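Participant: As input, take start-v3.pdb (PDB, C-alpha atoms and all ligand atoms):
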```pdb
ATOM      1  CA  MET A   1       0.000   0.000   0.000
ATOM      2  CA  ARG A   2       1.318   3.405  -0.958
ATOM      3  CA  ALA A   3      -0.028   6.958  -0.495
ATOM      4  CA  LEU A   4       0.833  10.345  -1.945
ATOM      5  CA  ALA A   5       0.929  13.267   0.485
ATOM      6  CA  LEU A   6       0.382  16.931  -0.243
ATOM      7  CA  PHE A   7       3.452  18.250   1.489
ATOM      8  CA  SER A   8       3.993  21.940   2.222
ATOM      9  CA  GLY A   9       7.147  21.524   4.299
ATOM     10  CA  GLY A  10       5.207  22.558   7.408
ATOM     11  CA  LEU A  11       4.729  20.679  10.652
ATOM     12  CA  ASP A  12       1.161  19.483  10.064
ATOM     13  CA  SER A  13       1.826  17.842   6.713
ATOM     14  CA  THR A  14       4.984  16.247   8.130
ATOM     15  CA  LEU A  15       3.069  14.783  11.074
ATOM     16  CA  ALA A  16       0.236  13.604   8.817
ATOM     17  CA  MET A  17       2.773  11.627   6.782
ATOM     18  CA  LYS A  18       4.315  10.189   9.945
ATOM     19  CA  LEU A  19       0.899   8.900  11.094
ATOM     20  CA  ILE A  20       0.500   6.999   7.834
ATOM     21  CA  VAL A  21       4.108   5.761   7.704
ATOM     22  CA  ASP A  22       3.587   4.364  11.214
ATOM     23  CA  GLN A  23       0.788   2.208   9.825
ATOM     24  CA  GLY A  24       3.314   0.497   7.554
ATOM     25  CA  ILE A  25       2.263   2.390   4.434
ATOM     26  CA  GLU A  26       4.824   3.876   2.096
ATOM     27  CA  VAL A  27       4.317   7.629   1.606
ATOM     28  CA  ILE A  28       5.674   9.843  -1.142
ATOM     29  CA  ALA A  29       5.667  13.551  -0.269
ATOM     30  CA  VAL A  30       4.526  15.706  -3.182
ATOM     31  CA  ASN A  31       5.285  19.386  -2.894
ATOM     32  CA  VAL A  32       3.310  21.402  -5.415
ATOM     33  CA  ASN A  33       5.187  24.505  -6.488
ATOM     34  CA  ILE A  34       2.641  27.209  -7.357
ATOM     35  CA  GLY A  35       5.340  29.902  -7.442
ATOM     36  CA  PHE A  36       4.093  31.941  -4.497
ATOM     37  CA  GLY A  37       5.182  29.696  -1.656
ATOM     38  CA  SER A  38       8.004  31.721  -0.163
ATOM     39  CA  THR A  39      10.776  34.187  -0.925
ATOM     40  CA  VAL A  40      13.436  31.576  -0.221
ATOM     41  CA  ASP A  41      14.145  28.148  -1.688
ATOM     42  CA  ARG A  42      12.821  25.654   0.866
ATOM     43  CA  THR A  43      13.931  22.462  -0.884
ATOM     44  CA  GLU A  44      16.635  21.747   1.679
ATOM     45  CA  HIS A  45      14.187  22.202   4.546
ATOM     46  CA  MET A  46      11.603  19.946   2.905
ATOM     47  CA  GLN A  47      14.209  17.266   2.200
ATOM     48  CA  ASN A  48      15.304  17.417   5.827
ATOM     49  CA  MET A  49      11.720  16.875   7.047
ATOM     50  CA  CYS A  50      11.216  13.970   4.651
ATOM     51  CA  ASP A  51      14.521  12.354   5.650
ATOM     52  CA  GLN A  52      13.566  12.511   9.327
ATOM     53  CA  ILE A  53      10.392  10.530   8.813
ATOM     54  CA  GLY A  54      11.652   8.325   5.998
ATOM     55  CA  VAL A  55       9.660   9.416   2.961
ATOM     56  CA  LYS A  56      10.709  10.356  -0.560
ATOM     57  CA  LEU A  57      10.203  13.926  -1.791
ATOM     58  CA  GLU A  58       8.879  14.848  -5.228
ATOM     59  CA  ILE A  59       8.427  18.430  -6.397
ATOM     60  CA  LEU A  60       5.705  19.169  -8.887
ATOM     61  CA  ASP A  61       6.077  22.439 -10.790
ATOM     62  CA  LEU A  62       2.542  23.603 -11.561
ATOM     63  CA  ARG A  63       3.205  27.349 -11.730
ATOM     64  CA  GLU A  64       1.954  27.763 -15.258
ATOM     65  CA  LEU A  65      -1.258  25.794 -14.697
ATOM     66  CA  TYR A  66      -1.853  27.687 -11.465
ATOM     67  CA  LEU A  67      -1.872  30.998 -13.328
ATOM     68  CA  GLU A  68      -4.157  29.554 -16.004
ATOM     69  CA  GLU A  69      -6.620  27.692 -13.822
ATOM     70  CA  VAL A  70      -6.670  29.094 -10.313
ATOM     71  CA  LEU A  71      -5.232  32.491  -9.503
ATOM     72  CA  PHE A  72      -7.541  34.766 -11.454
ATOM     73  CA  ASN A  73     -10.784  32.872 -11.479
ATOM     74  CA  PRO A  74     -11.279  30.904  -8.279
ATOM     75  CA  LYS A  75     -14.696  29.303  -7.915
ATOM     76  CA  TYR A  76     -14.685  29.854  -4.153
ATOM     77  CA  GLY A  77     -13.141  33.325  -4.210
ATOM     78  CA  TYR A  78     -10.261  34.758  -2.229
ATOM     79  CA  GLY A  79      -9.376  34.956   1.449
ATOM     80  CA  LYS A  80      -8.366  38.269   3.010
ATOM     81  CA  ASN A  81      -5.763  38.902   0.326
ATOM     82  CA  PHE A  82      -4.944  37.349  -3.083
ATOM     83  CA  ASN A  83      -5.177  33.814  -1.678
ATOM     84  CA  PRO A  84      -7.694  31.507  -3.387
ATOM     85  CA  CYS A  85      -7.124  28.803  -0.773
ATOM     86  CA  VAL A  86     -10.079  26.495  -1.418
ATOM     87  CA  ASP A  87      -9.438  26.349  -5.152
ATOM     88  CA  CYS A  88      -5.703  26.088  -4.515
ATOM     89  CA  HIS A  89      -6.069  22.991  -2.330
ATOM     90  CA  GLY A  90      -8.539  21.452  -4.789
ATOM     91  CA  PHE A  91      -6.060  22.104  -7.604
ATOM     92  CA  MET A  92      -3.177  20.518  -5.680
ATOM     93  CA  PHE A  93      -5.204  17.378  -4.975
ATOM     94  CA  ARG A  94      -6.441  17.238  -8.570
ATOM     95  CA  TYR A  95      -2.957  17.194 -10.088
ATOM     96  CA  THR A  96      -1.409  15.047  -7.372
ATOM     97  CA  GLY A  97      -4.289  12.608  -7.923
ATOM     98  CA  GLN A  98      -3.238  12.278 -11.535
ATOM     99  CA  LEU A  99       0.046  10.804 -10.273
ATOM    100  CA  LEU A 100      -1.598   7.997  -8.281
ATOM    101  CA  GLU A 101      -1.305   5.584 -11.165
ATOM    102  CA  LYS A 102       2.281   6.554 -12.006
ATOM    103  CA  TYR A 103       3.411   5.874  -8.432
ATOM    104  CA  ASP A 104       1.094   2.904  -7.985
ATOM    105  CA  ALA A 105      -0.419   4.669  -4.985
ATOM    106  CA  SER A 106      -3.946   4.090  -3.681
ATOM    107  CA  PHE A 107      -4.914   7.318  -1.948
ATOM    108  CA  MET A 108      -3.834  10.810  -0.930
ATOM    109  CA  ILE A 109      -3.323  12.534   2.410
ATOM    110  CA  SER A 110      -2.762  16.096   3.604
ATOM    111  CA  GLY A 111      -1.981  17.886   6.848
ATOM    112  CA  GLU A 112      -5.227  19.872   6.912
ATOM    113  CA  VAL A 113      -6.790  20.410  10.333
ATOM    114  CA  VAL A 114     -10.467  21.316  10.733
ATOM    115  CA  GLY A 115     -10.915  24.887  11.943
ATOM    116  CA  GLN A 116      -7.249  25.812  11.677
ATOM    117  CA  ARG A 117      -7.501  28.314   8.846
ATOM    118  CA  PRO A 118     -10.428  30.647   8.370
ATOM    119  CA  MET A 119     -10.861  30.111   4.654
ATOM    120  CA  SER A 120      -9.798  26.669   3.540
ATOM    121  CA  GLN A 121      -9.989  24.486   6.621
ATOM    122  CA  ARG A 122     -13.573  24.979   7.745
ATOM    123  CA  LYS A 123     -15.506  21.735   7.397
ATOM    124  CA  ASP A 124     -17.644  22.968   4.474
ATOM    125  CA  ALA A 125     -14.557  24.359   2.721
ATOM    126  CA  MET A 126     -12.781  21.038   3.135
ATOM    127  CA  ASP A 127     -15.750  19.371   1.424
ATOM    128  CA  ASN A 128     -15.484  21.907  -1.411
ATOM    129  CA  VAL A 129     -11.780  21.099  -1.746
ATOM    130  CA  LYS A 130     -12.685  17.426  -2.098
ATOM    131  CA  SER A 131     -15.275  18.081  -4.773
ATOM    132  CA  LEU A 132     -12.850  20.262  -6.775
ATOM    133  CA  SER A 133     -10.217  17.553  -6.584
ATOM    134  CA  ASN A 134     -12.115  14.866  -8.586
ATOM    135  CA  TYR A 135     -10.742  12.310  -6.105
ATOM    136  CA  ASP A 136     -13.280  12.913  -3.378
ATOM    137  CA  ASP A 137     -13.276   9.556  -1.654
ATOM    138  CA  LEU A 138      -9.535   8.989  -1.927
ATOM    139  CA  ILE A 139      -8.540  11.924   0.280
ATOM    140  CA  VAL A 140      -7.624  11.305   3.917
ATOM    141  CA  ARG A 141      -6.828  14.035   6.442
ATOM    142  CA  PRO A 142      -4.996  12.045   9.144
ATOM    143  CA  MET A 143      -4.720  14.962  11.606
ATOM    144  CA  CYS A 144      -8.486  15.341  11.937
ATOM    145  CA  ALA A 145      -9.915  12.247  10.213
ATOM    146  CA  LYS A 146     -11.984  11.212  13.232
ATOM    147  CA  LEU A 147     -13.985  14.427  12.942
ATOM    148  CA  LEU A 148     -14.809  13.761   9.277
ATOM    149  CA  GLU A 149     -16.824  11.163   7.386
ATOM    150  CA  PRO A 150     -14.749   8.005   6.842
ATOM    151  CA  SER A 151     -13.056   7.992   3.444
ATOM    152  CA  LEU A 152     -12.706   4.919   1.208
ATOM    153  CA  PRO A 153      -9.241   3.940   2.568
ATOM    154  CA  GLU A 154     -10.729   3.981   6.093
ATOM    155  CA  ARG A 155     -13.923   2.142   5.173
ATOM    156  CA  GLU A 156     -11.983  -0.505   3.262
ATOM    157  CA  GLY A 157      -9.505  -0.966   6.088
ATOM    158  CA  TRP A 158      -6.461   0.064   4.037
ATOM    159  CA  ILE A 159      -5.660   2.257   7.022
ATOM    160  CA  GLU A 160      -6.837   2.074  10.623
ATOM    161  CA  ARG A 161      -9.147   4.984  11.361
ATOM    162  CA  GLU A 162      -8.610   4.394  15.094
ATOM    163  CA  LYS A 163      -4.971   5.429  14.766
ATOM    164  CA  LEU A 164      -5.819   8.719  13.072
ATOM    165  CA  LEU A 165      -6.437  11.920  15.042
ATOM    166  CA  ASP A 166      -9.193  14.372  15.951
ATOM    167  CA  ILE A 167      -7.321  17.678  16.105
ATOM    168  CA  ASN A 168      -9.524  20.716  15.744
ATOM    169  CA  GLY A 169      -8.828  24.466  15.721
ATOM    170  CA  ARG A 170      -5.876  26.786  15.813
ATOM    171  CA  ASN A 171      -4.144  25.633  18.983
ATOM    172  CA  ARG A 172      -0.891  23.943  17.938
ATOM    173  CA  GLN A 173       0.020  22.339  21.264
ATOM    174  CA  ARG A 174      -0.802  18.784  20.215
ATOM    175  CA  GLN A 175       1.286  19.129  17.089
ATOM    176  CA  LEU A 176       4.205  20.512  19.109
ATOM    177  CA  ASP A 177       3.882  17.645  21.603
ATOM    178  CA  MET A 178       3.877  15.118  18.754
ATOM    179  CA  ALA A 179       6.962  16.717  17.207
ATOM    180  CA  LYS A 180       8.736  16.434  20.554
ATOM    181  CA  GLU A 181       7.638  12.850  21.035
ATOM    182  CA  ILE A 182       9.031  11.698  17.696
ATOM    183  CA  GLY A 183      12.145  13.881  18.061
ATOM    184  CA  LEU A 184      11.466  15.984  14.982
ATOM    185  CA  LYS A 185      14.103  18.707  14.591
ATOM    186  CA  ASP A 186      14.212  22.079  12.792
ATOM    187  CA  PHE A 187      10.574  21.911  11.755
ATOM    188  CA  GLU A 188      10.000  25.673  11.664
ATOM    189  CA  SER A 189       9.718  26.558   7.967
ATOM    190  CA  PRO A 190      12.276  29.124   6.819
ATOM    191  CA  GLY A 191      11.182  32.078   4.680
ATOM    192  CA  GLY A 192       7.625  32.472   5.912
ATOM    193  CA  GLY A 193       4.425  31.220   4.365
ATOM    194  CA  CYS A 194       2.460  31.743   1.189
ATOM    195  CA  LEU A 195       2.942  35.226  -0.258
ATOM    196  CA  LEU A 196      -0.625  35.352  -1.551
ATOM    197  CA  THR A 197      -1.792  35.744   2.046
ATOM    198  CA  GLU A 198       0.361  38.858   2.580
ATOM    199  CA  VAL A 199      -1.108  42.330   2.129
ATOM    200  CA  GLN A 200       1.926  43.965   0.593
ATOM    201  CA  PHE A 201       2.609  41.187  -1.879
ATOM    202  CA  SER A 202      -1.084  41.021  -2.836
ATOM    203  CA  ASN A 203      -1.116  44.776  -3.539
ATOM    204  CA  ARG A 204       1.950  44.366  -5.706
ATOM    205  CA  LEU A 205       0.357  41.508  -7.593
ATOM    206  CA  ARG A 206      -2.922  43.392  -8.078
ATOM    207  CA  ASP A 207      -1.017  46.395  -9.412
ATOM    208  CA  PHE A 208       0.937  44.136 -11.785
ATOM    209  CA  VAL A 209      -2.133  42.492 -13.297
ATOM    210  CA  ASP A 210      -3.827  45.885 -13.677
ATOM    211  CA  HIS A 211      -1.028  46.829 -16.066
ATOM    212  CA  ASP A 212       0.298  43.630 -17.592
ATOM    213  CA  LYS A 213      -0.253  39.932 -18.228
ATOM    214  CA  LEU A 214       1.318  37.858 -15.460
ATOM    215  CA  GLU A 215       3.616  35.094 -16.677
ATOM    216  CA  VAL A 216       5.578  32.529 -14.703
ATOM    217  CA  GLU A 217       8.862  34.419 -15.014
ATOM    218  CA  ASP A 218       7.231  37.533 -13.522
ATOM    219  CA  ILE A 219       6.556  35.794 -10.212
ATOM    220  CA  ASP A 220      10.169  35.960  -9.025
ATOM    221  CA  THR A 221      10.556  39.608  -9.975
ATOM    222  CA  LEU A 222       7.516  40.360  -7.793
ATOM    223  CA  LYS A 223       9.365  38.887  -4.834
ATOM    224  CA  ALA A 224      12.457  41.103  -5.022
ATOM    225  CA  GLY A 225      13.242  44.783  -4.643
ATOM    226  CA  ARG A 226      11.291  48.022  -4.277
ATOM    227  CA  HIS A 227       8.508  48.317  -6.829
ATOM    228  CA  LEU A 228       7.529  51.643  -8.341
ATOM    229  CA  ARG A 229       4.881  52.594 -10.888
ATOM    230  CA  LEU A 230       6.070  55.558 -12.982
ATOM    231  CA  PRO A 231       3.735  58.338 -14.250
ATOM    232  CA  ASN A 232       2.889  56.733 -17.618
ATOM    233  CA  GLY A 233       2.471  53.247 -16.159
ATOM    234  CA  ALA A 234       5.971  51.745 -16.583
ATOM    235  CA  LYS A 235       7.244  49.518 -13.806
ATOM    236  CA  LEU A 236      10.589  50.119 -12.112
ATOM    237  CA  ILE A 237      12.116  47.603  -9.684
ATOM    238  CA  ILE A 238      15.122  48.673  -7.606
ATOM    239  CA  GLY A 239      17.157  46.103  -5.632
ATOM    240  CA  ARG A 240      17.376  46.731  -1.891
ATOM    241  CA  HIS A 241      20.390  44.531  -1.174
ATOM    242  CA  GLN A 242      22.756  42.026  -2.745
ATOM    243  CA  GLU A 243      20.219  39.201  -2.664
ATOM    244  CA  ASP A 244      17.623  41.314  -4.519
ATOM    245  CA  ASN A 245      20.251  42.437  -7.013
ATOM    246  CA  GLU A 246      21.140  38.818  -7.798
ATOM    247  CA  LYS A 247      17.487  37.848  -8.254
ATOM    248  CA  LEU A 248      16.811  40.795 -10.540
ATOM    249  CA  LYS A 249      19.980  40.132 -12.539
ATOM    250  CA  ASN A 250      18.938  36.528 -13.075
ATOM    251  CA  THR A 251      15.412  37.188 -14.272
ATOM    252  CA  THR A 252      14.501  35.492 -17.530
ATOM    253  CA  SER A 253      11.685  37.948 -18.169
ATOM    254  CA  LYS A 254      12.025  39.836 -21.432
ATOM    255  CA  LYS A 255       9.796  42.651 -20.207
ATOM    256  CA  TYR A 256      12.599  44.719 -18.685
ATOM    257  CA  TYR A 257      15.773  46.630 -19.383
ATOM    258  CA  LYS A 258      18.449  45.722 -16.870
ATOM    259  CA  ALA A 259      19.710  48.996 -15.436
ATOM    260  CA  ARG A 260      22.683  49.971 -13.264
ATOM    261  CA  ILE A 261      24.843  52.927 -12.365
ATOM    262  CA  LEU A 262      28.031  52.875 -14.406
ATOM    263  CA  ASP A 263      30.312  54.915 -12.187
ATOM    264  CA  ALA A 264      29.221  54.210  -8.597
ATOM    265  CA  VAL A 265      28.100  51.337  -6.432
ATOM    266  CA  GLY A 266      24.336  51.102  -6.579
ATOM    267  CA  PRO A 267      21.286  48.910  -6.883
ATOM    268  CA  PHE A 268      20.628  46.608  -9.794
ATOM    269  CA  SER A 269      17.286  47.600 -11.297
ATOM    270  CA  LEU A 270      14.733  46.554 -13.889
ATOM    271  CA  LEU A 271      12.792  49.039 -15.981
ATOM    272  CA  ASP A 272       9.767  48.172 -18.081
ATOM    273  CA  LYS A 273      10.568  48.197 -21.806
ATOM    274  CA  LYS A 274       7.328  50.122 -22.286
ATOM    275  CA  ALA A 275       8.854  53.088 -20.453
ATOM    276  CA  THR A 276       8.683  56.415 -22.244
ATOM    277  CA  GLN A 277      11.760  58.585 -22.664
ATOM    278  CA  GLU A 278      10.559  60.734 -19.790
ATOM    279  CA  GLU A 279      10.131  57.701 -17.557
ATOM    280  CA  LYS A 280      13.607  56.422 -18.414
ATOM    281  CA  GLU A 281      15.078  59.723 -17.287
ATOM    282  CA  LEU A 282      13.025  59.661 -14.107
ATOM    283  CA  ALA A 283      14.015  56.046 -13.439
ATOM    284  CA  ALA A 284      17.676  57.012 -13.800
ATOM    285  CA  THR A 285      17.315  59.685 -11.100
ATOM    286  CA  PHE A 286      15.658  57.184  -8.750
ATOM    287  CA  ILE A 287      18.315  54.544  -9.334
ATOM    288  CA  VAL A 288      21.102  57.047  -8.679
ATOM    289  CA  SER A 289      19.318  58.219  -5.524
ATOM    290  CA  TYR A 290      19.426  54.721  -4.082
ATOM    291  CA  GLY A 291      23.127  54.308  -4.966
ATOM    292  CA  LYS A 292      26.189  55.209  -2.939
ATOM    293  CA  THR A 293      26.229  58.590  -4.569
ATOM    294  CA  GLU A 294      27.022  62.157  -3.555
ATOM    295  CA  THR A 295      25.394  65.425  -4.384
ATOM    296  CA  ASP A 296      27.311  67.707  -6.758
ATOM    297  CA  LYS A 297      28.552  64.782  -8.810
ATOM    298  CA  ASN A 298      27.301  63.399 -12.104
ATOM    299  CA  TYR A 299      26.485  59.724 -12.606
ATOM    300  CA  THR A 300      25.585  57.648 -15.610
ATOM    301  CA  VAL A 301      22.877  54.995 -15.598
ATOM    302  CA  ILE A 302      22.922  52.477 -18.423
ATOM    303  CA  PHE A 303      19.985  50.496 -19.713
ATOM    304  CA  GLU A 304      21.222  47.212 -21.081
ATOM    305  CA  ASP A 305      19.556  45.877 -24.228
ATOM    306  CA  GLU A 306      19.442  49.398 -25.495
ATOM    307  CA  ASP A 307      22.660  51.334 -25.875
ATOM    308  CA  GLU A 308      21.208  54.144 -23.939
ATOM    309  CA  SER A 309      22.416  55.944 -20.865
ATOM    310  CA  PHE A 310      21.420  58.951 -18.841
ATOM    311  CA  THR A 311      23.733  61.199 -16.951
ATOM    312  CA  GLN A 312      22.281  62.495 -13.748
ATOM    313  CA  GLU A 313      23.509  65.552 -11.907
ATOM    314  CA  GLY A 314      23.900  64.884  -8.188
ATOM    315  CA  GLN A 315      22.265  68.124  -7.118
ATOM    316  CA  LYS A 316      19.079  67.252  -8.979
ATOM    317  CA  LEU A 317      18.483  63.923  -7.283
ATOM    318  CA  PRO A 318      14.988  63.366  -5.861
ATOM    319  CA  THR A 319      14.583  62.773  -2.137
ATOM    320  CA  LYS A 320      13.301  59.450  -0.782
ATOM    321  CA  ASP A 321      10.088  61.298   0.109
ATOM    322  CA  GLU A 322       9.597  62.367  -3.491
ATOM    323  CA  ILE A 323      10.254  58.829  -4.672
ATOM    324  CA  SER A 324       7.904  57.298  -2.112
ATOM    325  CA  LYS A 325       4.766  58.477  -3.915
ATOM    326  CA  TYR A 326       5.595  56.063  -6.771
ATOM    327  CA  LEU A 327       6.114  53.066  -4.487
ATOM    328  CA  ILE A 328       3.616  50.226  -4.712
TER     329      ILE A 328
HETATM  330  S1  LIG A 401      -2.112  29.756   1.606
HETATM  331 FE1  LIG A 401      -3.844  29.339   0.264
HETATM  332  S2  LIG A 401      -3.199  30.079  -1.740
HETATM  333 FE2  LIG A 401      -1.366  29.905  -0.504
HETATM  334  S3  LIG A 401      -0.541  27.857  -0.939
HETATM  335 FE3  LIG A 401      -1.861  27.669   0.858
HETATM  336  S4  LIG A 401      -3.834  27.104   0.039
HETATM  337 FE4  LIG A 401      -2.658  27.911  -1.676
END
```
Let me see the structure of the file written as structure tokens.
Ligand code: SF4

Facilitator:
Amino acid sequence: MRALALFSGGLDSTLAMKLIVDQGIEVIAVNVNIGFGSTVDRTEHMQNMCDQIGVKLEILDLRELYLEEVLFNPKYGYGKNFNPCVDCHGFMFRYTGQLLEKYDASFMISGEVVGQRPMSQRKDAMDNVKSLSNYDDLIVRPMCAKLLEPSLPEREGWIEREKLLDINGRNRQRQLDMAKEIGLKDFESPGGGCLLTEVQFSNRLRDFVDHDKLEVEDIDTLKAGRHLRLPNGAKLIIGRHQEDNEKLKNTTSKKYYKARILDAVGPFSLLDKKATQEEKELAATFIVSYGKTETDKNYTVIFEDEDESFTQEGQKLPTKDEISKYLI
């Protein structure tokens, strides 16, 4: 008997897998990458969790399908921000379910807990997730299974319902006790949670889709730097530190000029190729302002891809206050 687990890297999905492994069932952890999971790469963390409980990790890149099928048209709407959690869970189960045959697995599990999250883990929402998944009866939620109708694997005796749990609500004490009991280490996820639940990121995303078509390669640029919308609608992204600069440098998006100060240390930046001449000049002043620059000196900003540069006089640099009205 083998099961596929929706695995986020978090404590609940790790413990859910452990409960099934302890019943002598092989579990394969499937992490669905929707692109918005975190600002840092959590592969190492996920591998560490899987190693500790003895399951194999598979990563499923569904970023493109997520943009096409879920993000902009969720049947069950959004949570507080840009997070379409019910549809998102249904989507993850639907595509993981399509792998059951490939892995010769019989059912799926997840770490969902009734009442833990306001949008997606209410009992009715969990039923909606099941119906969106197309694999209704093959989904088991080991952390709270005793509070739900028995699924096919429980009714058929593939797994023992008695050994599953009845956790309910937001209190995490039982999960923490379980982690201690099994000696699970370093289970706090690095890099925070899903960006779609964050206000600032959601505003950034909303602004982006108001002006442009979102493609997979745009997702990473949304995660780095300061974002500014210039007067005629062009987007400017200015790195805040080395890590941002690297991310912006490495973008594969063809929407931007890569911009930098030629004669001083300063941020790596991206400017929309739709920028007007006026916006390019304005962008150059902003980029120089965020550099290690002095007043009374002139600096040149170059826009790669276009042999164009602007020389900016130090004394005419805008203040951070003036720039702030363009920040998203
Ligand atoms: S928080 Fe919601 S939108 Fe984000 S990954 Fe989880 S279910 Fe999906």

Participant: Around ligand LIG 401 (chain A), at most 7 Å away and counting all atoms listed in the file, which residues are there? Put them as number ranges by chain, please.

Facilitator: A: 37, 83-86, 88-89, 120, 194-197

Participant: Apply the PyMOL selection byres (((chain A and resi 311-324) around 12) and not hetatm) to the displayed file and report the matching residues as a PyMOL selection string.

Facilitator: chain A and resi 226-231+236+238+260-264+280-303+308-310+325-328

Participant: Which one of A:Ser13, A:Gln23, A:Ser8, A:Ser189 sits closest to A:Arg161 if you count only C-alpha atoms?

Facilitator: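 The shortest atom-to-atom distance to A:Arg161 comes from A:Gln23.
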
Participant: I need the residue set behind the PyMOL selection byres (((chain A and resi 91) around 12) and not hetatm) for this file; please write it as a ChimeraX atom specification.

Facilitator: /A:6,32-34,62-63,65-71,74-75,84-90,92-98,128-135

Participant: On this file, the PyMOL selection byres (((chain A and resi 245) around 12) and not hetatm) gives some set of residues; write that set as a ChimeraX atom specification.

Facilitator: /A:221,223-226,237-244,246-251,258-260,265-270

Participant: Tell me, in Å to one decimal, how far atom CA of A:Leu148 is from atom CA of A:Val113.

Facilitator: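 So the two atoms, atom CA of A:Leu148 and atom CA of A:Val113, lie 10.5 Å apart.
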
Participant: Taking all atoms listed in the file into account, name the residue in A:Asp186, A:Ile28, A:Asn73, A:Met1 that is nearest to A:Gly157.

Facilitator: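 Among A:Asp186, A:Ile28, A:Asn73, A:Met1, it is A:Met1 that comes nearest to A:Gly157.
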
Participant: Out of A:Ala125, A:Ala29, A:Ala234, A:Leu165, which residue has the shortest atom-to-atom distance to A:Thr276 when counting only C-alpha atoms?

Facilitator: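 Smallest separation from A:Thr276 among the options: A:Ala234.
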
Participant: Please indicate the distance in Å from atom CA of A:Leu60 to atom CA of A:Lys80, rounded to one decimal place.

Facilitator: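 Atom-to-atom, atom CA of A:Leu60 and atom CA of A:Lys80 are spaced 26.5 Å apart.
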
Participant: Give the answer as one residue: which of A:Asp61, A:Glu278, A:Glu188, A:Asp104 has the shortest atom-to-atom distance to A:Gly9, using all atoms listed in the file?

Facilitator: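 Ranked by minimum distance to A:Gly9, first place goes to A:Glu188.
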
Participant: Restricting the calculation to only C-alpha atoms, which member of A:Tyr103, A:Tyr76, A:Phe82, A:Tyr257 is positioned closest to A:Met126?

Facilitator: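 Counting only C-alpha atoms, the residue closest to A:Met126 is A:Tyr76.
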
Participant: Restricting the calculation to only C-alpha atoms, which member of A:Pro153, A:Glu304, A:Asn48, A:Met17 is positioned closest to A:Leu271?

Facilitator: A:Glu304

Participant: Write out as a ChimeraX atom specification which residues come within 12 Å of A:Glu26 when counting only C-alpha atoms, dropping same-chain ones fewer than 4 positions away.

Facilitator: /A:1-5,17-22,53-56,103-109,159

Participant: Quick one, how far is atom CA of A:Arg204 from atom CA of A:Leu222?

Facilitator: 7.2 Å

Participant: Need to verify the contact set: A:Asn203, 9 Å, all atoms listed in the file, exclusion of same-chain residues closer than 3 positions in sequence. Can you return it as a list in words?

Facilitator: Asn81, Phe82, Glu198, Val199, Gln200, Arg206, Asp207, Phe208 and Ile328 of chain A

Participant: Mind checking which residues fall within 9 Å of A:Lys274, counting all atoms listed in the file, ignoring those fewer than 4 positions away in the same chain, and posting them as a PyMOL selection string?

Facilitator: chain A and resi 233-235+255-256
